[in-house]
>>> print(open('my_file13.cif').read())   # mmCIF, C-alpha atoms
data_final
#
loop_
_atom_site.label_atom_id
_atom_site.label_comp_id
_atom_site.auth_asym_id
_atom_site.auth_seq_id
_atom_site.Cartn_x
_atom_site.Cartn_y
_atom_site.Cartn_z
CA MET P 1 126.21 115.90 108.48
CA LYS P 2 122.82 116.97 107.22
CA ALA P 3 123.71 115.55 103.80
CA ILE P 4 124.77 112.24 105.34
CA CYS P 5 121.45 112.00 107.23
CA LEU P 6 119.53 112.75 104.06
CA ILE P 7 121.42 110.13 102.08
CA THR P 8 120.87 107.59 104.86
CA ALA P 9 117.15 108.35 104.87
CA LEU P 10 117.01 108.05 101.10
CA ILE P 11 118.69 104.66 101.20
CA THR P 12 116.33 103.56 103.96
CA THR P 13 113.22 104.66 102.13
CA THR P 14 114.24 103.16 98.83
CA ALA P 15 115.36 99.85 100.28
CA LEU P 16 111.93 98.95 101.62
CA GLY P 17 109.03 97.31 99.80
CA ALA P 18 108.76 95.43 96.55
CA ALA P 19 109.20 97.00 93.15
CA GLN P 20 106.11 97.21 90.97
CA ASN P 21 105.33 97.35 87.27
CA TYR P 22 103.09 100.21 86.16
CA THR P 23 101.26 101.21 83.02
CA ILE P 24 100.24 104.67 81.79
CA ALA P 25 96.64 103.83 82.78
CA ASP P 26 97.66 103.60 86.45
CA PHE P 27 98.25 107.37 86.40
CA ALA P 28 95.30 108.43 84.23
CA ASP P 29 93.70 110.48 87.03
CA PHE P 30 96.81 112.58 87.68
CA THR P 31 97.60 115.95 86.11
CA LYS P 32 99.43 115.78 82.77
CA SER P 33 101.66 118.69 81.76
CA PRO P 34 101.26 120.06 78.18
CA THR P 35 104.63 118.70 77.08
CA GLU P 36 104.65 115.47 79.06
CA HIS P 37 105.91 112.55 77.01
CA VAL P 38 107.70 110.20 79.41
CA LEU P 39 106.85 108.96 82.90
CA ASN P 40 109.85 107.73 84.88
CA VAL P 41 109.13 105.07 87.47
CA VAL P 42 110.96 105.49 90.78
CA GLU P 43 112.06 101.93 91.34
CA LYS P 44 111.38 101.37 95.04
CA PRO P 45 108.51 102.73 97.16
CA PHE P 46 109.17 105.52 99.63
CA LYS P 47 108.22 104.49 103.17
CA VAL P 48 107.54 107.57 105.25
CA ARG P 49 105.62 108.81 108.27
CA SER P 50 104.35 111.94 106.52
CA VAL P 51 104.27 113.07 102.91
CA SER P 52 106.97 115.68 102.45
CA GLY P 53 110.21 115.89 100.59
CA LEU P 54 112.57 117.47 98.12
CA ILE P 55 112.49 117.58 94.32
CA GLU P 56 115.62 118.44 92.36
CA PHE P 57 116.99 118.33 88.83
CA ARG P 58 120.52 117.81 87.63
CA ASN P 59 122.10 120.83 85.99
CA GLY P 60 125.66 119.82 86.67
CA PRO P 61 125.10 119.67 90.43
CA LEU P 62 121.62 118.92 91.78
CA GLU P 63 119.46 122.02 92.11
CA PRO P 64 116.08 122.44 93.82
CA LEU P 65 113.13 122.57 91.45
CA ALA P 66 110.29 124.98 92.26
CA ASN P 67 106.64 124.79 91.17
CA VAL P 68 106.61 121.03 90.74
CA LEU P 69 103.10 119.65 91.21
CA PHE P 70 103.29 116.65 93.54
CA GLU P 71 100.12 114.53 93.63
CA ILE P 72 99.24 111.38 95.50
CA GLN P 73 96.28 109.06 95.00
CA GLY P 74 94.95 106.64 97.57
CA PRO P 75 95.04 105.07 100.04
CA GLY P 76 94.80 101.78 98.20
CA THR P 77 92.17 101.89 95.47
CA ASP P 78 90.67 105.21 96.67
CA ARG P 79 90.90 107.56 93.66
CA ARG P 80 91.05 110.76 95.72
CA LEU P 81 93.93 113.02 94.77
CA ARG P 82 95.88 115.16 97.22
CA ARG P 83 98.25 117.85 95.95
CA GLY P 84 101.21 119.95 96.95
CA THR P 85 103.64 122.21 95.08
CA THR P 86 107.36 122.65 95.67
CA ASP P 87 108.60 125.99 96.97
CA GLU P 88 111.73 127.83 95.82
CA HIS P 89 113.83 125.36 97.82
CA GLY P 90 112.28 122.39 96.01
CA ARG P 91 110.40 121.32 99.15
CA PHE P 92 106.80 120.16 99.34
CA LYS P 93 104.45 118.88 102.02
CA ILE P 94 100.97 117.36 101.95
CA GLY P 95 99.49 117.40 105.43
CA GLY P 96 96.99 115.06 107.07
CA VAL P 97 97.62 112.03 104.89
CA PRO P 98 96.23 108.85 106.51
CA VAL P 99 98.28 105.69 106.84
CA GLY P 100 98.21 103.57 103.68
CA THR P 101 99.68 103.00 100.25
CA TYR P 102 99.55 105.74 97.61
CA LYS P 103 100.60 106.26 94.02
CA PHE P 104 102.43 109.54 93.36
CA LYS P 105 103.28 111.67 90.38
CA ALA P 106 105.60 114.70 90.22
CA THR P 107 104.90 116.94 87.22
CA LEU P 108 106.39 120.12 85.79
CA ASN P 109 106.04 121.40 82.24
CA GLY P 110 109.29 120.82 80.33
CA TYR P 111 110.36 117.91 82.53
CA GLN P 112 109.77 114.18 82.43
CA SER P 113 107.31 113.21 85.15
CA SER P 114 108.28 110.88 87.99
CA VAL P 115 105.84 108.30 89.32
CA GLY P 116 105.88 105.59 91.95
CA LYS P 117 104.55 104.44 95.29
CA ILE P 118 104.52 105.89 98.80
CA ILE P 119 103.78 103.87 101.92
CA VAL P 120 102.67 106.06 104.81
CA SER P 121 103.17 104.28 108.12
CA LYS P 122 103.52 105.16 111.78
CA ASP P 123 106.28 102.56 112.13
CA VAL P 124 108.83 104.54 110.19
CA ASP P 125 111.67 106.79 111.26
CA LYS P 126 110.57 110.42 111.22
CA ALA P 127 113.73 111.33 109.29
CA ASN P 128 112.62 109.31 106.26
CA THR P 129 111.71 111.65 103.46
CA ILE P 130 110.85 111.64 99.78
CA ARG P 131 113.58 112.76 97.41
CA ILE P 132 113.15 112.83 93.66
CA GLU P 133 115.43 113.83 90.81
CA MET P 134 113.49 115.05 87.78
CA LEU P 135 114.85 114.76 84.23
CA ILE P 136 114.53 117.49 81.63
CA GLY P 137 111.95 116.64 78.98
CA ASN P 138 112.69 115.91 75.34
CA MET J 1 118.63 125.64 65.17
CA ALA J 2 120.38 122.42 66.16
CA ASP J 3 119.28 119.29 67.92
CA GLN J 4 120.83 116.10 69.21
CA VAL J 5 119.37 112.63 69.38
CA THR J 6 120.65 109.89 71.65
CA ILE J 7 119.09 106.49 72.30
CA ASN J 8 119.98 104.51 75.42
CA PRO J 9 119.64 100.81 74.56
CA ASN J 10 119.45 99.92 78.25
CA GLU J 11 116.23 101.88 78.80
CA HIS J 12 112.90 100.24 78.04
CA TYR J 13 109.55 101.93 77.47
CA LYS J 14 105.91 100.96 77.09
CA ASP J 15 103.23 103.05 75.42
CA SER J 16 99.76 103.87 76.75
CA LYS J 17 98.48 100.50 75.51
CA GLY J 18 101.19 98.66 77.43
CA ARG J 19 103.07 97.70 74.25
CA PRO J 20 106.88 97.60 74.33
CA VAL J 21 108.44 100.37 72.24
CA SER J 22 111.31 99.24 70.01
CA GLU J 23 114.56 101.14 69.61
CA SER J 24 113.80 101.61 65.91
CA SER J 25 110.47 103.25 66.75
CA LEU J 26 112.20 105.55 69.24
CA ALA J 27 114.85 106.43 66.68
CA PHE J 28 112.25 107.18 64.00
CA HIS J 29 110.25 109.44 66.34
CA GLU J 30 113.25 111.32 67.69
CA LEU J 31 114.77 111.86 64.23
CA ALA J 32 111.42 113.05 62.84
CA GLU J 33 111.11 115.44 65.80
CA ALA J 34 114.65 116.75 65.26
CA TYR J 35 113.90 117.24 61.56
CA ALA J 36 110.81 119.31 62.42
CA LYS J 37 112.88 121.41 64.81
CA ILE J 38 115.84 121.96 62.47
CA ASP J 39 114.23 122.16 59.03
CA GLY J 40 110.86 123.40 60.21
CA GLY J 41 112.20 125.70 62.94
CA LYS J 42 109.51 124.39 65.26
CA ALA J 43 109.39 124.30 69.02
CA TYR J 44 108.81 120.98 70.79
CA GLY J 45 105.19 121.61 71.76
CA ASP J 46 102.23 123.06 69.91
CA TYR J 47 102.13 126.86 69.74
CA ASN J 48 100.23 129.82 68.35
CA GLN J 49 101.74 131.87 65.53
CA ILE J 50 101.91 135.57 66.45
CA ASN J 51 101.42 137.95 63.52
CA VAL J 52 102.12 141.69 63.31
CA VAL J 53 98.98 143.12 61.70
CA SER J 54 99.78 146.84 61.79
CA GLY J 55 102.58 148.68 63.53
CA THR J 56 102.65 147.39 67.08
CA THR J 57 99.39 145.45 66.93
CA LEU J 58 99.89 141.75 67.31
CA GLN J 59 97.42 139.05 66.43
CA ILE J 60 97.48 135.55 67.81
CA GLY J 61 97.08 133.21 64.89
CA PRO J 62 95.66 129.69 64.73
CA PRO J 63 97.35 126.87 66.67
CA GLN J 64 100.41 125.39 64.98
CA GLN J 65 101.64 121.84 65.31
CA GLY J 66 104.88 121.54 67.30
CA ALA J 67 107.81 119.24 66.47
CA HIS J 68 106.55 116.44 68.70
CA ASP J 69 103.11 116.31 67.09
CA GLU J 70 104.60 116.57 63.60
CA ALA J 71 106.76 113.53 64.42
CA VAL J 72 103.65 111.74 65.68
CA GLN J 73 101.94 112.35 62.31
CA ARG J 74 104.96 110.90 60.52
CA GLU J 75 104.76 107.84 62.77
CA PHE J 76 101.11 107.34 61.85
CA LYS J 77 102.01 107.65 58.17
CA LEU J 78 104.78 105.06 58.51
CA ARG J 79 102.54 102.69 60.44
CA GLY J 80 99.87 103.07 57.77
CA GLN J 81 102.40 101.88 55.19
CA ARG J 82 103.78 99.09 57.39
CA PRO J 83 100.90 97.00 58.80
CA ASN J 84 103.37 94.80 60.68
CA LEU J 85 104.08 97.75 62.99
CA GLN J 86 100.49 98.01 64.20
CA ASN J 87 101.00 95.76 67.20
CA SER J 88 104.24 97.38 68.37
CA GLY J 89 104.52 100.29 70.77
CA ARG J 90 104.37 103.84 69.41
CA ALA J 91 107.24 106.07 70.52
CA GLY J 92 105.29 109.32 70.10
CA ASP J 93 102.63 108.15 72.55
CA GLN J 94 102.83 108.95 76.27
CA LEU J 95 105.49 106.52 77.47
CA ILE J 96 106.36 104.94 80.77
CA ARG J 97 109.97 104.08 81.54
CA ASP J 98 110.08 101.28 84.01
CA PRO J 99 113.29 99.62 85.18
CA HIS J 100 111.43 96.30 85.40
CA ASN J 101 109.84 96.28 81.97
#
>>> encode(input="my_file13.cif", output="structure tokens")
Amino acid sequence: MKAICLITALITTTALGAAQNYTIADFADFTKSPTEHVLNVVEKPFKVRSVSGLIEFRNGPLEPLANVLFEIQGPGTDRRLRRGTTDEHGRFKIGGVPVGTYKFKATLNGYQSSVGKIIVSKDVDKANTIRIEMLIGN
Amino acid sequence: MADQVTINPNEHYKDSKGRPVSESSLAFHELAEAYAKIDGGKAYGDYNQINVVSGTTLQIGPPQQGAHDEAVQREFKLRGQRPNLQNSGRAGDQLIRDPHN
């Protein structure tokens, strides 16, 4: 049941908002891991009430990924960065994030980084969450 | 040491200058990187050589170029010999994979 709810929330969050084209320069202020080579764009923005979620990688089945640095920049053109790190269950949370639109980047040495957009809004189901699958670097 | 190179023709990348990266550029970079790993025995990233100086005393040597950076140098060499490549994306650069590009 929990898995069904999570999948539903994922579909909800990824179905909202328009897709956007990015360049490397859009993420110049974010942390770059020593072996980072590729940024993967998460196609659709996440629309959430608060900034928290789950980061996993595929090793056969999906497994939680610890120590991932999750950064957001915003709202809008504000260049302030806020950070969180995933725990041993792959979960992260950044508290006190005001309503608005943010860029995000998830980074871990040895993995391809994931980037995209988060829309923080009060008009969103509380169950909506951020879920990212990281790819092993090359 | 072994390595494997695969190129997905359905994925598209741009480099840090926003230039599209061709499949041939990706193939050149990845093969050069694999060569550095297999023939050169190098790790992906840059590293420091560790030397045994006497008995159990270890000395950290100067930084060594990893397989990725060695492949980057080969790319620069190729591009120097092929001026027509100057305006195309460079696969060894930091890349962004965007489903809409």
>>> atom_distance(input="my_file13.cif", atom1="CA of Tyr111 in chain P", atom2="CA of Gly45 in chain J")
12.5 Å
>>> atom_distance(input="my_file13.cif", atom1="CA of Val115 in chain P", atom2="CA of Leu39 in chain P")
6.5 Å
>>> resolve_selection(input="my_file13.cif", expression="the PyMOL selection byres ((chain J) within 8 of (chain P))", output="mmCIF file with C-alpha atoms, in the coordinates of the input")
data_model
loop_
_atom_site.group_PDB
_atom_site.id
_atom_site.type_symbol
_atom_site.label_atom_id
_atom_site.label_comp_id
_atom_site.auth_asym_id
_atom_site.auth_seq_id
_atom_site.Cartn_x
_atom_site.Cartn_y
_atom_site.Cartn_z
ATOM 1 C CA LYS J 14 105.910 100.960 77.090
ATOM 2 C CA ASP J 15 103.230 103.050 75.420
ATOM 3 C CA SER J 16 99.760 103.870 76.750
ATOM 4 C CA LYS J 17 98.480 100.500 75.510
ATOM 5 C CA GLY J 18 101.190 98.660 77.430
ATOM 6 C CA TYR J 44 108.810 120.980 70.790
ATOM 7 C CA GLY J 45 105.190 121.610 71.760
ATOM 8 C CA GLY J 92 105.290 109.320 70.100
ATOM 9 C CA ASP J 93 102.630 108.150 72.550
ATOM 10 C CA GLN J 94 102.830 108.950 76.270
ATOM 11 C CA LEU J 95 105.490 106.520 77.470
ATOM 12 C CA ILE J 96 106.360 104.940 80.770
ATOM 13 C CA ARG J 97 109.970 104.080 81.540
ATOM 14 C CA ASP J 98 110.080 101.280 84.010
ATOM 15 C CA PRO J 99 113.290 99.620 85.180
ATOM 16 C CA HIS J 100 111.430 96.300 85.400
ATOM 17 C CA ASN J 101 109.840 96.280 81.970
#
>>> atom_distance(input="my_file13.cif", atom1="CA of Lys105 in chain P", atom2="CA of Asp87 in chain P")
16.6 Å
>>> residues_near_point(input="my_file13.cif", point="(92.9, 131.6, 66.8)", cutoff="12 Å", atoms="all atoms listed in the file", output="JSON, numbers by chain")
{"J": [47, 48, 49, 50, 51, 59, 60, 61, 62, 63, 64]}
>>> resolve_selection(input="my_file13.cif", expression="the PyMOL selection byres ((chain P and resi 52) around 6)", output="number ranges by chain")
P: 51, 53, 92-93
>>> axis_aligned_box(input="my_file13.cif", around="range 30-44 of chain J", padding_each_side="4 Å", output="lines of an AutoDock Vina configuration file")
center_x = 112.3
center_y = 118.5
center_z = 64.9
size_x = 15.0
size_y = 22.4
size_z = 19.8
>>> resolve_selection(input="my_file13.cif", expression="the PyMOL selection byres ((chain P and resi 76) around 12)", output="list in words")
Ile72, Gln73, Gly74, Pro75, Thr77, Asp78, Arg79, Arg80, Leu81, Pro98, Val99, Gly100, Thr101, Tyr102, Lys103, Phe104, Lys117, Ile118, Ile119 and Val120 of chain P
>>> residues_near_point(input="my_file13.cif", point="(119.0, 112.4, 68.0)", cutoff="10 Å", atoms="all atoms listed in the file", output="list in words")
Asp3, Gln4, Val5, Thr6, Ile7, Leu26, Ala27, Phe28, His29, Glu30, Leu31, Ala32, Glu33, Ala34 and Tyr35 of chain J
>>> closest_residue(input="my_file13.cif", among="P:Ile136, P:Val124, P:Ile94, P:Leu69", to="Phe30 in chain P", atoms="only C-alpha atoms")
P:Leu69
>>> closest_residue(input="my_file13.cif", among="J:Asn8, J:Gln73, J:Gln65, J:Ser88", to="Ser25 in chain J", atoms="all atoms listed in the file")
J:Ser88
>>> closest_residue(input="my_file13.cif", among="P:Glu88, P:Glu56, P:Glu63, P:Asp123", to="Thr107 in chain P", atoms="only C-alpha atoms")
P:Glu56
>>> closest_residue(input="my_file13.cif", among="J:Gln86, J:Thr57, J:Ser24, J:Ala91", to="Val72 in chain J", atoms="all atoms listed in the file")
J:Ala91
>>> build_atoms(input="my_file13.cif", residues="range 5-39 of chain J", atoms="N, CA and C atoms", output="PDB file, in the coordinates of the input")
ATOM      1  N   VAL J   5     120.169 113.798  69.049  1.00  0.00           N
ATOM      2  CA  VAL J   5     119.370 112.630  69.380  1.00  0.00           C
ATOM      3  C   VAL J   5     120.277 111.550  69.936  1.00  0.00           C
ATOM      4  N   THR J   6     119.923 111.029  71.100  1.00  0.00           N
ATOM      5  CA  THR J   6     120.650 109.890  71.650  1.00  0.00           C
ATOM      6  C   THR J   6     119.633 108.841  72.101  1.00  0.00           C
ATOM      7  N   ILE J   7     119.959 107.597  71.884  1.00  0.00           N
ATOM      8  CA  ILE J   7     119.090 106.490  72.300  1.00  0.00           C
ATOM      9  C   ILE J   7     119.882 105.615  73.268  1.00  0.00           C
ATOM     10  N   ASN J   8     119.329 105.393  74.441  1.00  0.00           N
ATOM     11  CA  ASN J   8     119.980 104.510  75.420  1.00  0.00           C
ATOM     12  C   ASN J   8     119.395 103.108  75.277  1.00  0.00           C
ATOM     13  N   PRO J   9     120.187 102.151  74.787  1.00  0.00           N
ATOM     14  CA  PRO J   9     119.640 100.810  74.560  1.00  0.00           C
ATOM     15  C   PRO J   9     119.288 100.069  75.845  1.00  0.00           C
ATOM     16  N   ASN J  10     119.745 100.593  76.975  1.00  0.00           N
ATOM     17  CA  ASN J  10     119.450  99.920  78.250  1.00  0.00           C
ATOM     18  C   ASN J  10     118.130 100.381  78.868  1.00  0.00           C
ATOM     19  N   GLU J  11     117.515 101.393  78.285  1.00  0.00           N
ATOM     20  CA  GLU J  11     116.230 101.880  78.800  1.00  0.00           C
ATOM     21  C   GLU J  11     115.091 101.240  78.002  1.00  0.00           C
ATOM     22  N   HIS J  12     114.033 100.893  78.698  1.00  0.00           N
ATOM     23  CA  HIS J  12     112.900 100.240  78.040  1.00  0.00           C
ATOM     24  C   HIS J  12     111.612 101.001  78.366  1.00  0.00           C
ATOM     25  N   TYR J  13     110.781 101.148  77.336  1.00  0.00           N
ATOM     26  CA  TYR J  13     109.550 101.930  77.470  1.00  0.00           C
ATOM     27  C   TYR J  13     108.354 101.102  77.024  1.00  0.00           C
ATOM     28  N   LYS J  14     107.177 101.476  77.600  1.00  0.00           N
ATOM     29  CA  LYS J  14     105.910 100.960  77.090  1.00  0.00           C
ATOM     30  C   LYS J  14     105.015 102.142  76.777  1.00  0.00           C
ATOM     31  N   ASP J  15     104.137 101.960  75.769  1.00  0.00           N
ATOM     32  CA  ASP J  15     103.230 103.050  75.420  1.00  0.00           C
ATOM     33  C   ASP J  15     101.944 102.964  76.238  1.00  0.00           C
ATOM     34  N   SER J  16     100.967 103.806  75.917  1.00  0.00           N
ATOM     35  CA  SER J  16      99.760 103.870  76.750  1.00  0.00           C
ATOM     36  C   SER J  16      98.911 102.604  76.646  1.00  0.00           C
ATOM     37  N   LYS J  17      99.188 101.772  75.628  1.00  0.00           N
ATOM     38  CA  LYS J  17      98.480 100.500  75.510  1.00  0.00           C
ATOM     39  C   LYS J  17      99.282  99.348  76.114  1.00  0.00           C
ATOM     40  N   GLY J  18     100.378  99.678  76.769  1.00  0.00           N
ATOM     41  CA  GLY J  18     101.190  98.660  77.430  1.00  0.00           C
ATOM     42  C   GLY J  18     102.097  97.898  76.474  1.00  0.00           C
ATOM     43  N   ARG J  19     102.249  98.404  75.243  1.00  0.00           N
ATOM     44  CA  ARG J  19     103.070  97.700  74.250  1.00  0.00           C
ATOM     45  C   ARG J  19     104.527  98.148  74.357  1.00  0.00           C
ATOM     46  N   PRO J  20     105.468  97.209  74.309  1.00  0.00           N
ATOM     47  CA  PRO J  20     106.880  97.600  74.330  1.00  0.00           C
ATOM     48  C   PRO J  20     107.226  98.452  73.111  1.00  0.00           C
ATOM     49  N   VAL J  21     108.038  99.481  73.323  1.00  0.00           N
ATOM     50  CA  VAL J  21     108.440 100.370  72.240  1.00  0.00           C
ATOM     51  C   VAL J  21     109.849  99.993  71.793  1.00  0.00           C
ATOM     52  N   SER J  22     109.997  99.691  70.508  1.00  0.00           N
ATOM     53  CA  SER J  22     111.310  99.240  70.010  1.00  0.00           C
ATOM     54  C   SER J  22     112.258 100.422  69.853  1.00  0.00           C
ATOM     55  N   GLU J  23     113.546 100.098  69.824  1.00  0.00           N
ATOM     56  CA  GLU J  23     114.560 101.140  69.610  1.00  0.00           C
ATOM     57  C   GLU J  23     114.377 101.809  68.255  1.00  0.00           C
ATOM     58  N   SER J  24     113.967 101.022  67.247  1.00  0.00           N
ATOM     59  CA  SER J  24     113.800 101.610  65.910  1.00  0.00           C
ATOM     60  C   SER J  24     112.640 102.608  65.908  1.00  0.00           C
ATOM     61  N   SER J  25     111.594 102.313  66.658  1.00  0.00           N
ATOM     62  CA  SER J  25     110.470 103.250  66.750  1.00  0.00           C
ATOM     63  C   SER J  25     110.895 104.532  67.466  1.00  0.00           C
ATOM     64  N   LEU J  26     111.683 104.370  68.528  1.00  0.00           N
ATOM     65  CA  LEU J  26     112.200 105.550  69.240  1.00  0.00           C
ATOM     66  C   LEU J  26     113.077 106.394  68.325  1.00  0.00           C
ATOM     67  N   ALA J  27     113.941 105.708  67.569  1.00  0.00           N
ATOM     68  CA  ALA J  27     114.850 106.430  66.680  1.00  0.00           C
ATOM     69  C   ALA J  27     114.066 107.183  65.610  1.00  0.00           C
ATOM     70  N   PHE J  28     113.050 106.515  65.044  1.00  0.00           N
ATOM     71  CA  PHE J  28     112.250 107.180  64.000  1.00  0.00           C
ATOM     72  C   PHE J  28     111.586 108.431  64.566  1.00  0.00           C
ATOM     73  N   HIS J  29     110.954 108.297  65.741  1.00  0.00           N
ATOM     74  CA  HIS J  29     110.250 109.440  66.340  1.00  0.00           C
ATOM     75  C   HIS J  29     111.211 110.585  66.644  1.00  0.00           C
ATOM     76  N   GLU J  30     112.319 110.258  67.271  1.00  0.00           N
ATOM     77  CA  GLU J  30     113.250 111.320  67.690  1.00  0.00           C
ATOM     78  C   GLU J  30     113.888 112.017  66.485  1.00  0.00           C
ATOM     79  N   LEU J  31     114.197 111.247  65.431  1.00  0.00           N
ATOM     80  CA  LEU J  31     114.770 111.860  64.230  1.00  0.00           C
ATOM     81  C   LEU J  31     113.726 112.729  63.523  1.00  0.00           C
ATOM     82  N   ALA J  32     112.490 112.255  63.476  1.00  0.00           N
ATOM     83  CA  ALA J  32     111.420 113.050  62.840  1.00  0.00           C
ATOM     84  C   ALA J  32     111.201 114.352  63.632  1.00  0.00           C
ATOM     85  N   GLU J  33     111.286 114.244  64.945  1.00  0.00           N
ATOM     86  CA  GLU J  33     111.110 115.440  65.800  1.00  0.00           C
ATOM     87  C   GLU J  33     112.275 116.417  65.583  1.00  0.00           C
ATOM     88  N   ALA J  34     113.476 115.887  65.499  1.00  0.00           N
ATOM     89  CA  ALA J  34     114.650 116.750  65.260  1.00  0.00           C
ATOM     90  C   ALA J  34     114.563 117.420  63.895  1.00  0.00           C
ATOM     91  N   TYR J  35     114.075 116.675  62.909  1.00  0.00           N
ATOM     92  CA  TYR J  35     113.900 117.240  61.560  1.00  0.00           C
ATOM     93  C   TYR J  35     112.922 118.416  61.607  1.00  0.00           C
ATOM     94  N   ALA J  36     111.820 118.237  62.330  1.00  0.00           N
ATOM     95  CA  ALA J  36     110.810 119.310  62.420  1.00  0.00           C
ATOM     96  C   ALA J  36     111.385 120.535  63.134  1.00  0.00           C
ATOM     97  N   LYS J  37     112.262 120.285  64.094  1.00  0.00           N
ATOM     98  CA  LYS J  37     112.880 121.410  64.810  1.00  0.00           C
ATOM     99  C   LYS J  37     113.888 122.140  63.909  1.00  0.00           C
ATOM    100  N   ILE J  38     114.730 121.360  63.220  1.00  0.00           N
ATOM    101  CA  ILE J  38     115.840 121.960  62.470  1.00  0.00           C
ATOM    102  C   ILE J  38     115.339 122.532  61.138  1.00  0.00           C
ATOM    103  N   ASP J  39     114.679 121.676  60.339  1.00  0.00           N
ATOM    104  CA  ASP J  39     114.230 122.160  59.030  1.00  0.00           C
ATOM    105  C   ASP J  39     112.972 123.015  59.140  1.00  0.00           C
TER     106      ASP J  39
END
